[in-house]
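**Student:** Just so it is clear, I am handing over entry.cif, which has mmCIF, C-alpha atoms.
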```cif
data_protein
#
loop_
_atom_site.label_atom_id
_atom_site.label_comp_id
_atom_site.auth_asym_id
_atom_site.auth_seq_id
_atom_site.Cartn_x
_atom_site.Cartn_y
_atom_site.Cartn_z
CA MET A 125 59.79 -26.21 -8.52
CA THR A 126 56.05 -26.35 -8.80
CA ASP A 127 53.73 -27.76 -11.40
CA LEU A 128 52.31 -24.32 -11.96
CA ALA A 129 52.07 -23.63 -15.67
CA PRO A 130 53.40 -20.20 -16.65
CA HIS A 131 50.04 -19.05 -18.05
CA LEU A 132 48.40 -19.64 -14.68
CA GLU A 133 49.96 -16.56 -13.22
CA SER A 134 47.32 -14.21 -14.64
CA ARG A 135 44.52 -16.29 -13.15
CA GLN A 136 45.62 -16.19 -9.57
CA PRO A 137 43.55 -14.13 -7.16
CA ALA A 138 45.65 -11.39 -5.61
CA HIS A 139 45.71 -13.18 -2.27
CA MET A 140 46.97 -16.47 -3.69
CA PRO A 141 49.50 -17.87 -1.26
CA GLY A 142 52.86 -18.88 -2.55
CA THR A 143 53.98 -22.20 -1.09
CA ALA A 144 54.91 -24.88 -3.58
CA GLU A 145 52.25 -27.27 -2.24
CA GLU A 146 49.53 -24.67 -2.52
CA ALA A 147 50.62 -23.72 -6.01
CA ALA A 148 50.38 -27.39 -6.98
CA ILE A 149 46.77 -27.48 -5.75
CA TRP A 150 45.96 -24.36 -7.76
CA ALA A 151 47.36 -26.16 -10.81
CA VAL A 152 45.12 -29.17 -10.10
CA LEU A 153 42.07 -26.92 -9.80
CA ALA A 154 42.94 -25.25 -13.11
CA GLU A 155 42.01 -28.56 -14.73
CA VAL A 156 38.60 -28.92 -13.05
CA PRO A 157 35.84 -27.74 -15.42
CA ASP A 158 32.77 -25.79 -14.40
CA PRO A 159 29.96 -28.39 -14.61
CA GLU A 160 27.54 -26.07 -16.41
CA VAL A 161 30.00 -24.25 -18.67
CA PRO A 162 32.71 -26.91 -19.12
CA ALA A 163 34.75 -24.65 -21.41
CA LEU A 164 35.73 -22.78 -18.25
CA SER A 165 37.82 -24.15 -15.42
CA LEU A 166 36.87 -23.30 -11.86
CA LEU A 167 39.90 -21.01 -11.80
CA ASP A 168 38.75 -19.20 -14.93
CA LEU A 169 35.38 -18.67 -13.27
CA GLY A 170 37.00 -17.11 -10.21
CA VAL A 171 35.09 -19.14 -7.61
CA ILE A 172 38.20 -20.50 -5.86
CA ARG A 173 39.17 -17.78 -3.40
CA ALA A 174 41.97 -19.37 -1.41
CA VAL A 175 43.88 -22.61 -0.91
CA HIS A 176 45.34 -23.50 2.48
CA VAL A 177 47.57 -26.51 3.01
CA VAL A 178 47.34 -27.48 6.67
CA SER A 179 49.78 -30.36 6.23
CA PRO A 180 51.19 -31.78 2.99
CA PRO A 181 51.02 -35.50 2.15
CA LYS A 182 54.05 -37.25 3.64
CA GLU A 183 55.40 -40.80 3.69
CA GLY A 184 52.22 -42.37 2.44
CA ARG A 185 50.00 -40.34 4.74
CA GLY A 186 47.37 -38.08 3.20
CA GLY A 187 47.61 -34.33 3.48
CA VAL A 188 45.09 -31.89 4.91
CA ALA A 189 43.83 -28.98 2.80
CA LYS A 190 41.14 -26.32 3.07
CA ILE A 191 39.73 -24.61 0.00
CA ASP A 192 37.76 -21.34 0.13
CA VAL A 193 35.01 -21.34 -2.49
CA THR A 194 32.41 -18.70 -3.30
CA PRO A 195 29.10 -19.35 -5.12
CA THR A 196 28.31 -17.40 -8.31
CA TYR A 197 24.60 -16.91 -7.49
CA THR A 198 23.02 -17.69 -4.10
CA GLY A 199 20.78 -20.33 -5.65
CA CYS A 200 23.22 -21.77 -8.18
CA PRO A 201 22.31 -25.47 -8.23
CA ALA A 202 25.83 -26.39 -9.35
CA THR A 203 27.39 -25.24 -6.06
CA GLY A 204 27.13 -28.66 -4.40
CA LEU A 205 28.55 -30.45 -7.44
CA ILE A 206 31.39 -27.92 -7.75
CA ASN A 207 32.35 -28.59 -4.13
CA GLU A 208 32.35 -32.34 -4.73
CA MET A 209 34.50 -31.96 -7.84
CA ILE A 210 37.02 -29.82 -5.95
CA LYS A 211 37.18 -32.36 -3.15
CA ALA A 212 37.68 -35.24 -5.56
CA ALA A 213 40.45 -33.47 -7.48
CA VAL A 214 42.36 -32.34 -4.39
CA THR A 215 41.90 -35.72 -2.70
CA ASN A 216 43.36 -37.39 -5.80
CA ALA A 217 46.36 -35.10 -5.45
CA GLY A 218 47.07 -36.70 -2.07
CA TYR A 219 45.07 -34.48 0.29
CA HIS A 220 42.79 -37.12 1.74
CA ASP A 221 41.33 -34.68 4.23
CA THR A 222 40.05 -31.88 2.03
CA SER A 223 37.40 -29.52 3.34
CA ILE A 224 35.48 -26.77 1.60
CA ASN A 225 34.88 -23.46 3.28
CA MET A 226 32.05 -21.51 1.64
CA VAL A 227 32.68 -17.77 1.66
CA ILE A 228 30.13 -15.25 0.44
CA SER A 229 32.03 -12.03 1.04
CA PRO A 230 33.20 -10.30 -1.02
CA ALA A 231 30.37 -11.37 -3.32
CA TRP A 232 31.38 -13.08 -6.54
CA THR A 233 31.55 -10.82 -9.56
CA THR A 234 32.05 -11.52 -13.24
CA ASP A 235 35.09 -9.24 -12.97
CA TRP A 236 36.84 -12.29 -11.54
CA ILE A 237 36.48 -14.26 -14.76
CA THR A 238 39.98 -14.27 -16.20
CA ALA A 239 40.91 -12.79 -19.57
CA GLU A 240 41.65 -16.30 -20.76
CA GLY A 241 38.26 -17.45 -19.44
CA ARG A 242 36.49 -14.73 -21.42
CA GLU A 243 38.20 -15.88 -24.59
CA LYS A 244 37.24 -19.50 -23.85
CA LEU A 245 33.62 -18.43 -23.38
CA ARG A 246 33.59 -16.68 -26.73
CA GLU A 247 35.08 -19.72 -28.48
CA TYR A 248 32.44 -21.87 -26.78
CA GLY A 249 29.68 -19.65 -28.22
CA ILE A 250 28.83 -17.63 -25.11
CA ALA A 251 29.34 -13.87 -25.21
CA PRO A 252 31.50 -12.90 -22.21
CA PRO A 253 30.38 -10.17 -19.77
CA VAL A 254 30.82 -6.67 -21.15
CA GLY A 255 32.65 -4.11 -19.02
CA SER A 256 32.98 -4.17 -15.25
CA ALA A 257 30.34 -4.98 -12.68
CA PRO A 258 28.32 -1.91 -11.65
CA SER A 259 29.58 -0.39 -8.44
CA GLY A 260 27.45 1.49 -5.96
CA LYS A 261 23.70 1.87 -6.39
CA ALA A 262 22.53 0.10 -9.50
CA ALA A 263 20.28 2.18 -11.74
CA LEU A 264 16.79 0.76 -12.15
CA PHE A 265 17.14 0.85 -15.92
CA GLY A 266 20.83 0.53 -16.70
CA VAL A 267 22.15 1.31 -20.16
CA SER A 268 22.15 -1.99 -22.04
CA PRO A 269 25.68 -3.04 -22.97
CA VAL A 270 26.65 -3.63 -26.59
CA VAL A 271 27.03 -7.40 -26.73
CA THR A 272 29.10 -8.76 -29.60
CA CYS A 273 27.91 -11.92 -31.33
CA PRO A 274 30.34 -14.72 -30.40
CA ARG A 275 29.90 -16.29 -33.84
CA CYS A 276 30.14 -13.47 -36.38
CA SER A 277 31.43 -10.62 -34.12
CA SER A 278 28.61 -8.30 -35.20
CA GLU A 279 27.52 -5.71 -32.65
CA ASN A 280 24.03 -5.72 -34.16
CA THR A 281 22.45 -7.92 -31.47
CA GLU A 282 19.39 -7.74 -29.22
CA GLN A 283 18.35 -9.22 -25.91
CA VAL A 284 15.64 -11.87 -26.10
CA SER A 285 15.34 -12.50 -22.39
CA GLU A 286 17.01 -11.26 -19.22
CA PHE A 287 17.24 -14.86 -18.01
CA GLY A 288 18.67 -17.97 -19.63
CA ALA A 289 19.30 -21.66 -19.10
CA THR A 290 21.50 -21.02 -16.06
CA ALA A 291 21.37 -18.24 -13.47
CA CYS A 292 24.46 -16.57 -14.90
CA LYS A 293 23.27 -16.10 -18.49
CA ALA A 294 20.82 -14.05 -20.56
CA MET A 295 19.51 -14.89 -24.03
CA TYR A 296 20.41 -12.81 -27.07
CA ARG A 297 20.10 -13.03 -30.81
CA CYS A 298 22.36 -11.71 -33.53
CA LEU A 299 20.53 -9.61 -36.11
CA ALA A 300 23.40 -9.99 -38.59
CA CYS A 301 23.87 -13.78 -38.72
CA GLN A 302 20.45 -14.55 -37.14
CA GLU A 303 21.96 -16.98 -34.65
CA PRO A 304 20.68 -17.06 -31.08
CA PHE A 305 23.38 -17.04 -28.41
CA GLU A 306 23.88 -16.77 -24.67
CA TYR A 307 25.41 -13.82 -22.85
CA PHE A 308 27.21 -14.20 -19.53
CA LYS A 309 25.54 -11.51 -17.42
CA CYS A 310 27.76 -8.89 -15.86
CA ILE A 311 27.24 -8.76 -12.10
CA MET B 707 -2.86 -23.25 19.19
CA GLY B 708 0.02 -21.06 20.25
CA CYS B 709 3.06 -20.26 18.20
CA ILE B 710 6.41 -21.88 18.85
CA TYR B 711 8.18 -18.70 17.93
CA GLN B 712 6.96 -15.80 20.05
CA THR B 713 8.19 -12.51 18.67
CA GLU B 714 9.38 -11.21 22.02
CA GLU B 715 11.76 -14.13 22.18
CA ASN B 716 15.08 -13.63 20.34
CA PRO B 717 13.99 -10.78 18.03
CA HIS B 718 17.26 -10.91 16.08
CA PHE B 719 16.43 -14.47 15.04
CA GLN B 720 12.83 -13.49 14.28
CA TYR B 721 13.97 -10.64 12.08
CA VAL B 722 16.33 -12.73 9.95
CA LEU B 723 13.65 -15.43 9.81
CA GLY B 724 11.26 -12.82 8.39
CA LEU B 725 13.73 -11.89 5.65
CA ALA B 726 14.23 -15.57 4.86
CA ASP B 727 10.52 -16.38 4.80
CA ASP B 728 9.73 -13.55 2.38
CA ALA B 729 12.32 -14.94 -0.03
CA LEU B 730 11.28 -18.57 0.49
CA ILE B 731 7.55 -18.05 0.03
CA LEU B 732 7.91 -15.77 -2.99
CA GLY B 733 10.42 -18.23 -4.47
CA GLN B 734 7.86 -21.02 -4.06
CA ARG B 735 5.21 -18.86 -5.78
CA TRP B 736 7.54 -18.30 -8.73
CA GLY B 737 8.21 -22.02 -8.87
CA GLU B 738 4.48 -22.58 -9.42
CA TRP B 739 4.82 -20.94 -12.84
CA LEU B 740 7.13 -23.71 -14.08
CA SER B 741 5.75 -25.34 -17.22
CA LYS B 742 2.91 -22.78 -17.22
CA GLY B 743 4.77 -19.58 -18.15
CA PRO B 744 3.15 -17.39 -20.84
CA THR B 745 6.15 -18.04 -23.11
CA LEU B 746 9.16 -20.33 -22.93
CA GLU B 747 11.43 -17.37 -22.09
CA LEU B 748 9.20 -16.36 -19.20
CA ASP B 749 9.00 -19.91 -17.96
CA ILE B 750 12.80 -19.87 -17.77
CA ALA B 751 12.75 -16.44 -16.16
CA ALA B 752 10.32 -17.73 -13.52
CA SER B 753 12.64 -20.61 -12.64
CA ASN B 754 15.60 -18.24 -12.38
CA LEU B 755 13.69 -15.87 -10.13
CA ALA B 756 12.59 -18.80 -7.97
CA LEU B 757 16.16 -20.10 -7.80
CA ASP B 758 17.60 -16.75 -6.74
CA LEU B 759 14.98 -16.26 -4.05
CA ILE B 760 15.29 -19.79 -2.66
CA GLY B 761 19.08 -19.41 -2.71
CA GLN B 762 18.76 -16.24 -0.65
CA ALA B 763 16.29 -17.98 1.67
CA ASN B 764 18.77 -20.80 2.18
CA LEU B 765 21.58 -18.47 3.27
CA LEU B 766 19.22 -16.47 5.49
CA LEU B 767 17.71 -19.58 7.06
CA GLU B 768 21.18 -20.96 7.80
CA HIS B 769 21.98 -17.70 9.55
CA ALA B 770 18.63 -17.71 11.37
CA ALA B 771 19.27 -21.26 12.57
CA GLU B 772 22.61 -20.15 14.03
CA LEU B 773 20.97 -17.19 15.76
CA GLU B 774 18.27 -19.46 17.13
CA GLY B 775 20.92 -21.72 18.65
CA LYS B 776 18.68 -24.77 19.06
CA GLY B 777 20.53 -27.07 16.69
CA HIS B 778 18.04 -26.66 13.82
CA THR B 779 19.21 -26.60 10.21
CA ALA B 780 17.96 -24.36 7.40
CA ASP B 781 15.96 -27.34 6.12
CA ASP B 782 14.34 -27.86 9.53
CA LEU B 783 13.17 -24.25 9.50
CA ALA B 784 11.84 -24.49 5.94
CA TYR B 785 10.11 -27.85 6.23
CA LEU B 786 9.10 -28.37 9.82
CA ARG B 787 7.43 -25.11 10.82
CA ASP B 788 3.70 -24.64 10.55
CA ALA B 789 2.01 -21.60 9.03
CA HIS B 790 1.75 -19.65 12.28
CA ASP B 791 5.53 -19.75 12.72
CA PHE B 792 6.22 -18.16 9.36
CA ARG B 793 7.23 -14.50 9.45
CA ASN B 794 6.73 -13.51 5.82
CA HIS B 795 4.54 -10.61 4.72
CA TRP B 796 1.05 -11.37 3.46
CA LEU B 797 1.86 -9.96 0.03
CA VAL B 798 4.22 -12.78 -0.94
CA GLU B 799 1.88 -15.63 0.02
CA GLN B 800 -1.00 -14.42 -2.20
CA PRO B 801 -1.76 -16.73 -5.13
CA ASN B 802 -0.14 -16.02 -8.49
CA ASP B 803 -3.50 -15.54 -10.24
CA ASP B 804 -2.51 -14.34 -13.73
CA TRP B 805 0.71 -12.86 -15.16
CA GLY B 806 -0.59 -9.35 -14.41
CA VAL B 807 -1.02 -10.05 -10.70
CA THR B 808 2.29 -11.92 -10.49
CA THR B 809 4.11 -9.05 -12.22
CA ALA B 810 2.43 -6.40 -10.05
CA ARG B 811 3.47 -8.28 -6.92
CA MET B 812 7.03 -8.71 -8.16
CA LEU B 813 7.32 -4.99 -8.82
CA VAL B 814 5.93 -4.03 -5.39
CA PHE B 815 8.08 -6.58 -3.61
CA SER B 816 11.38 -6.39 -5.47
CA LEU B 817 11.48 -2.59 -5.17
CA TYR B 818 10.83 -3.07 -1.45
CA GLN B 819 13.36 -5.88 -1.11
CA TYR B 820 15.97 -3.78 -2.89
CA CYS B 821 15.45 -0.85 -0.48
CA ARG B 822 15.56 -3.20 2.50
CA TYR B 823 18.70 -5.07 1.43
CA GLU B 824 20.43 -1.86 0.44
CA ALA B 825 19.94 -0.52 3.96
CA LEU B 826 20.93 -3.83 5.56
CA VAL B 827 24.31 -3.84 3.79
CA LYS B 828 25.32 -1.56 6.69
CA SER B 829 23.92 -3.88 9.37
CA SER B 830 26.08 -4.45 12.44
CA ASP B 831 25.26 -8.14 11.95
CA ALA B 832 28.23 -8.69 9.64
CA HIS B 833 27.03 -12.05 8.33
CA LEU B 834 23.63 -10.62 7.45
CA ALA B 835 25.36 -7.70 5.71
CA ASP B 836 27.41 -10.16 3.62
CA ILE B 837 24.32 -12.13 2.59
CA VAL B 838 22.31 -9.09 1.51
CA ALA B 839 25.29 -7.58 -0.33
CA LYS B 840 25.39 -10.71 -2.45
CA ALA B 841 21.61 -10.90 -2.85
CA LEU B 842 21.41 -7.26 -3.89
CA LYS B 843 23.06 -8.11 -7.22
CA GLU B 844 20.26 -10.58 -7.93
CA VAL B 845 17.46 -8.32 -6.73
CA SER B 846 18.60 -5.49 -9.00
CA TYR B 847 17.85 -7.86 -11.92
CA HIS B 848 14.49 -8.80 -10.41
CA ARG B 849 13.24 -5.26 -10.04
CA ARG B 850 14.35 -4.35 -13.56
CA PHE B 851 12.55 -7.42 -14.92
CA ALA B 852 9.39 -6.49 -13.01
CA ALA B 853 9.60 -2.83 -14.02
CA GLU B 854 10.05 -3.65 -17.70
CA TRP B 855 7.12 -6.04 -17.66
CA THR B 856 4.91 -3.56 -15.79
CA ILE B 857 5.63 -0.98 -18.48
CA ARG B 858 5.19 -3.46 -21.31
CA LEU B 859 1.81 -4.64 -20.04
CA GLY B 860 0.68 -1.14 -19.03
CA GLN B 861 1.55 0.32 -22.42
CA GLY B 862 0.42 -2.77 -24.33
CA THR B 863 -3.18 -3.53 -25.25
CA GLU B 864 -6.31 -2.48 -23.42
CA GLU B 865 -6.53 -6.03 -22.08
CA SER B 866 -2.94 -6.15 -20.78
CA ASN B 867 -3.32 -2.69 -19.23
CA GLN B 868 -6.48 -3.79 -17.39
CA ARG B 869 -4.89 -7.02 -16.18
CA ILE B 870 -1.81 -5.41 -14.66
CA GLN B 871 -3.90 -2.59 -13.16
CA ARG B 872 -6.11 -5.26 -11.61
CA GLY B 873 -2.97 -6.79 -10.09
CA PHE B 874 -1.97 -3.56 -8.36
CA ASP B 875 -5.57 -2.86 -7.27
CA MET B 876 -5.92 -6.35 -5.77
CA LEU B 877 -2.62 -6.34 -3.90
CA TRP B 878 -2.48 -2.75 -2.71
CA ARG B 879 -4.09 -3.57 0.62
CA PHE B 880 -1.01 -5.63 1.50
CA VAL B 881 1.39 -2.73 0.91
CA PRO B 882 1.10 -0.94 4.30
CA GLU B 883 2.28 -4.05 6.12
CA LEU B 884 5.60 -3.82 4.29
CA PHE B 885 6.32 -0.48 5.96
CA GLU B 886 5.04 -1.24 9.41
CA THR B 887 7.79 -0.87 12.01
CA VAL B 888 6.98 -3.12 14.93
CA CYS B 889 8.45 -2.21 18.32
CA TRP B 890 10.99 -5.02 18.45
CA GLU B 891 12.14 -4.17 14.97
CA GLN B 892 12.71 -0.57 16.09
CA THR B 893 14.82 -1.84 18.98
CA LEU B 894 16.91 -3.92 16.59
CA ALA B 895 17.21 -0.93 14.26
CA ASP B 896 18.43 1.22 17.17
CA ASP B 897 21.10 -1.41 17.75
CA GLY B 898 22.16 -1.17 14.10
CA ILE B 899 21.12 -4.75 13.28
CA ALA B 900 17.85 -4.17 11.41
CA VAL B 901 16.34 -1.38 9.35
CA ALA B 902 13.05 0.14 10.53
CA SER B 903 10.68 -0.75 7.67
CA GLY B 904 8.88 2.61 7.90
CA THR B 905 12.00 4.47 6.84
CA LEU B 906 11.94 2.73 3.44
CA GLN B 907 8.52 3.96 2.38
CA ASP B 908 9.41 7.30 0.76
CA ALA B 909 12.09 5.87 -1.52
CA TRP B 910 9.82 2.97 -2.46
CA GLU B 911 6.85 5.20 -3.21
CA ALA B 912 8.90 7.46 -5.43
CA GLU B 913 10.12 4.51 -7.51
CA VAL B 914 6.79 2.73 -7.79
CA THR B 915 4.98 5.96 -8.74
CA LEU B 916 7.55 6.66 -11.43
CA ILE B 917 7.11 3.23 -12.99
CA LEU B 918 3.31 3.17 -12.78
CA THR B 919 3.13 6.60 -14.39
CA GLN B 920 5.41 5.52 -17.21
CA ALA B 921 3.26 2.42 -17.66
CA ASN B 922 0.03 4.44 -18.01
CA LEU B 923 -1.26 2.93 -14.80
CA SER B 924 -2.75 4.62 -11.77
CA VAL B 925 -1.43 4.28 -8.26
CA PRO B 926 -4.30 2.57 -6.40
CA LYS B 927 -6.13 4.65 -3.84
CA GLY B 928 -7.96 3.55 -0.75
CA ASP B 929 -6.84 3.03 2.78
CA ALA B 930 -8.05 -0.53 3.32
CA HIS B 931 -5.06 -2.39 4.58
CA GLN B 932 -4.17 -5.44 6.52
CA PHE B 933 -1.51 -5.91 9.12
CA GLY B 934 -0.55 -8.70 11.31
CA SER B 935 1.46 -11.60 10.02
CA ARG B 936 4.80 -10.95 11.57
CA HIS B 937 3.74 -10.20 15.14
CA ASP B 938 1.38 -12.98 15.92
CA GLY B 939 1.70 -15.59 13.21
CA HIS B 940 -1.60 -14.76 11.51
CA HIS B 941 -1.64 -15.45 7.79
CA THR B 942 -4.15 -15.61 4.99
CA GLU B 943 -5.53 -19.04 4.13
CA HIS B 944 -3.19 -19.21 1.13
CA LEU B 945 -0.03 -19.86 3.15
CA GLY B 946 -1.39 -23.18 4.42
CA THR B 947 -2.02 -24.57 0.96
CA LEU B 948 1.34 -23.28 -0.24
CA LEU B 949 3.08 -25.08 2.63
CA CYS B 950 1.16 -28.28 1.86
CA GLU B 951 3.03 -28.45 -1.40
CA LEU B 952 6.35 -27.07 -0.14
CA GLN B 953 6.50 -29.44 2.82
CA PHE B 954 4.67 -32.45 1.44
CA LEU B 955 7.62 -34.74 0.90
CA GLN B 956 9.17 -34.00 4.27
CA ARG B 957 5.86 -34.43 6.11
CA SER B 958 5.01 -37.69 4.36
CA TYR B 959 8.45 -39.23 4.62
CA PRO B 960 9.99 -37.79 7.77
CA THR B 961 13.53 -38.73 8.70
CA ALA B 962 14.70 -39.30 12.24
CA SER B 963 17.56 -36.81 11.94
CA GLY B 964 15.45 -33.80 10.94
CA ALA B 965 14.56 -32.38 7.58
CA VAL B 966 16.59 -33.26 4.53
CA TRP B 967 16.07 -31.43 1.27
#
```
Give the structure from the file, written as structure tokens.

**Tutor:**
Amino acid sequence: MTDLAPHLESRQPAHMPGTAEEAAIWAVLAEVPDPEVPALSLLDLGVIRAVHVVSPPKEGRGGVAKIDVTPTYTGCPATGLINEMIKAAVTNAGYHDTSINMVISPAWTTDWITAEGREKLREYGIAPPVGSAPSGKAALFGVSPVVTCPRCSSENTEQVSEFGATACKAMYRCLACQEPFEYFKCI
Amino acid sequence: MGCIYQTEENPHFQYVLGLADDALILGQRWGEWLSKGPTLELDIAASNLALDLIGQANLLLEHAAELEGKGHTADDLAYLRDAHDFRNHWLVEQPNDDWGVTTARMLVFSLYQYCRYEALVKSSDAHLADIVAKALKEVSYHRRFAAEWTIRLGQGTEESNQRIQRGFDMLWRFVPELFETVCWEQTLADDGIAVASGTLQDAWEAEVTLILTQANLSVPKGDAHQFGSRHDGHHTEHLGTLLCELQFLQRSYPTASGAVW
């Protein structure tokens, strides 16, 4: 059997392959935190798109694996570090020849953040993305979503700035408890 | 001094290079606001806008380097070309001036970039289509940011209204170049790779007019306009000084193996 924890099932992208070795790598990656939002694992974030085992580790020889990764934003400065962290984790699991394949299509969307990931964000103090990513032509002035304060759960909040400390977040403040907080933008 | 990159040579490469250079140069201009933004929130917004644009430039330059097929990297193209080999529009290389001018430029350009990317999602160059599909999500934030600030400044005080109007008045002469369809671009458009820039003008004009009207601003009049950067490598003097800063480290400390970020 695999090391795959039962709760991992909901996190798997639809195209997740099923071999025991590949499932074990998914389980390893579930423990690698996002460097900028460490409450989330890379699996929660939805940036790991596929895991391919070319050859498993055998009789003391290292295995060969290829991991498909997609960036959140084109200029996300954490992309390089994320790739290094994936390589280190998978290499430690016995795949001494681990390569990263960057894929940009389909483009990453916050819809890929898992339900569990959204809950972790909220506990961490970041309001998770509201609703689904807009499809088709985006309106110039979209209707602002109702963002719930991650601290006091009030819906009486307002946007302070469209942009925040990382590319993926906007700045909000809660008008009920007066606390500022970050909102994970829905794209 | 002649250009290295003649436009008649490998137009597909030249076209993608033009898309990349617009993003790179405007990203560099946004970076110049760092530590000088009008408020802390806007300083952070400026760095995010710069980051998105430079991220897009990186993907586009990587693709351009593949199309060029001469073994260059994205970094080589960013750091080792001189001004006359840049293919960006004149609009994006103009100095930031004040927040009014910077905002006016961002509105003009991000509405344009949105129209352009939206059309290029259907490009027969599948890799280009993938890049712009991703970038489109970022640009839809940029144009909303620019539109909201145009309205805020236009409807604000007399001073803020004058400053943003001044921005549009100053930059309007660079608008026609955005919609100029050069012959090689038309050929690429006929092949389904590019979009003929002229076809974007109506949609752009409708949007920009709507926003300026809402902002109590007037659409600048006058037919003075300037063409020229993309065909023959002519730029305004401002690109040279911008590149001095962008390329300084690479020029001063060159490596044998090409440019390294």

**Student:** What is the distance between atom CA of A:Gly186 and atom CA of A:Trp150, in Å to one decimal?

**Tutor:**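 It comes out at 17.6 Å.
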
**Student:** Return the single residue from B:Thr745, B:Thr942, B:Ser816, B:Gln734 that is closest to A:Val284, with distances computed using all atoms listed in the file.

**Tutor:**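 Residue with the minimum atom-to-atom distance to A:Val284: B:Thr745.
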
**Student:** If you measure from atom CA of A:Cys273 to atom CA of B:Glu844, what distance in Å do you get, rounded to one decimal?

**Tutor:**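 A separation of 24.7 Å between them.
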
**Student:** One decimal, Å: what's the distance from atom CA of B:Leu730 over to atom CA of B:Leu817, could you say?

**Tutor:** 17.0 Å

**Student:** Could you list, with a cut-off of 9 Å and counting all atoms listed in the file, the residues of chain B near chain A, each shown with its nearest atom pair and the distance in Å rounded to one decimal, rows sorted by chain and ascending number, as JSON lines?

**Tutor:**
```
{"residue": "B:Glu747", "atom": "CA", "partner": "A:Ser285", "partner_atom": "CA", "distance": 6.3}
{"residue": "B:Leu748", "atom": "CA", "partner": "A:Ser285", "partner_atom": "CA", "distance": 7.9}
{"residue": "B:Ile750", "atom": "CA", "partner": "A:Gly288", "partner_atom": "CA", "distance": 6.4}
{"residue": "B:Ala751", "atom": "CA", "partner": "A:Phe287", "partner_atom": "CA", "distance": 5.1}
{"residue": "B:Ala752", "atom": "CA", "partner": "A:Phe287", "partner_atom": "CA", "distance": 8.7}
{"residue": "B:Asn754", "atom": "CA", "partner": "A:Ala291", "partner_atom": "CA", "distance": 5.9}
{"residue": "B:Leu755", "atom": "CA", "partner": "A:Phe287", "partner_atom": "CA", "distance": 8.7}
{"residue": "B:Ala756", "atom": "CA", "partner": "A:Gly199", "partner_atom": "CA", "distance": 8.6}
{"residue": "B:Leu757", "atom": "CA", "partner": "A:Gly199", "partner_atom": "CA", "distance": 5.1}
{"residue": "B:Asp758", "atom": "CA", "partner": "A:Gly199", "partner_atom": "CA", "distance": 4.9}
{"residue": "B:Leu759", "atom": "CA", "partner": "A:Gly199", "partner_atom": "CA", "distance": 7.3}
{"residue": "B:Ile760", "atom": "CA", "partner": "A:Gly199", "partner_atom": "CA", "distance": 6.3}
{"residue": "B:Gly761", "atom": "CA", "partner": "A:Gly199", "partner_atom": "CA", "distance": 3.5}
{"residue": "B:Gln762", "atom": "CA", "partner": "A:Thr198", "partner_atom": "CA", "distance": 5.7}
{"residue": "B:Ala763", "atom": "CA", "partner": "A:Thr198", "partner_atom": "CA", "distance": 8.9}
{"residue": "B:Asn764", "atom": "CA", "partner": "A:Gly199", "partner_atom": "CA", "distance": 8.1}
{"residue": "B:Leu765", "atom": "CA", "partner": "A:Thr198", "partner_atom": "CA", "distance": 7.5}
{"residue": "B:Glu824", "atom": "CA", "partner": "A:Lys261", "partner_atom": "CA", "distance": 8.4}
{"residue": "B:His833", "atom": "CA", "partner": "A:Ser229", "partner_atom": "CA", "distance": 8.8}
{"residue": "B:Asp836", "atom": "CA", "partner": "A:Ser229", "partner_atom": "CA", "distance": 5.6}
{"residue": "B:Ile837", "atom": "CA", "partner": "A:Ile228", "partner_atom": "CA", "distance": 6.9}
{"residue": "B:Ala839", "atom": "CA", "partner": "A:Ala231", "partner_atom": "CA", "distance": 7.0}
{"residue": "B:Lys840", "atom": "CA", "partner": "A:Ala231", "partner_atom": "CA", "distance": 5.1}
{"residue": "B:Ala841", "atom": "CA", "partner": "A:Thr198", "partner_atom": "CA", "distance": 7.0}
{"residue": "B:Lys843", "atom": "CA", "partner": "A:Ile311", "partner_atom": "CA", "distance": 6.5}
{"residue": "B:Glu844", "atom": "CA", "partner": "A:Tyr197", "partner_atom": "CA", "distance": 7.7}
{"residue": "B:Ser846", "atom": "CA", "partner": "A:Ala262", "partner_atom": "CA", "distance": 6.9}
{"residue": "B:Tyr847", "atom": "CA", "partner": "A:Glu286", "partner_atom": "CA", "distance": 8.1}
{"residue": "B:Arg849", "atom": "CA", "partner": "A:Leu264", "partner_atom": "CA", "distance": 7.3}
{"residue": "B:Arg850", "atom": "CA", "partner": "A:Leu264", "partner_atom": "CA", "distance": 5.8}
{"residue": "B:Phe851", "atom": "CA", "partner": "A:Glu286", "partner_atom": "CA", "distance": 7.3}
{"residue": "B:Ala853", "atom": "CA", "partner": "A:Leu264", "partner_atom": "CA", "distance": 8.3}
{"residue": "B:Glu854", "atom": "CA", "partner": "A:Phe265", "partner_atom": "CA", "distance": 8.6}
{"residue": "B:Glu913", "atom": "CA", "partner": "A:Leu264", "partner_atom": "CA", "distance": 8.9}
```

**Student:** So which residues get picked by the PyMOL selection byres ((chain B and resi 822) around 10) here, written as JSON, numbers by chain?

**Tutor:** {"B": [725, 816, 817, 818, 819, 820, 821, 823, 824, 825, 826, 827, 838, 842, 900, 901, 902, 903, 905, 906, 910]}

**Student:** Kindly resolve the PyMOL selection byres ((chain A and resi 306) around 7) on the present coordinates and return the residues as a count of residues only.

**Tutor:** 9

**Student:** Residue by residue, what does the PyMOL selection byres ((chain A and resi 254) around 8) grab here? Present the result as a PyMOL selection string.

**Tutor:** chain A and resi 252-253+255-256+269-271+310

**Student:** Limited to C-alpha atoms, could you put the picked residues into a file as a compact mmCIF listing (two decimals), in the frame of the given file?

**Tutor:**
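Contents of the output file selection14.txt:
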```txt
# COMPACT_ATOMS: atom_id res chain seq x y z
CA PRO A 252 31.50 -12.90 -22.21
CA PRO A 253 30.38 -10.17 -19.77
CA GLY A 255 32.65 -4.11 -19.02
CA SER A 256 32.98 -4.17 -15.25
CA PRO A 269 25.68 -3.04 -22.97
CA VAL A 270 26.65 -3.63 -26.59
CA VAL A 271 27.03 -7.40 -26.73
CA CYS A 310 27.76 -8.89 -15.86
```
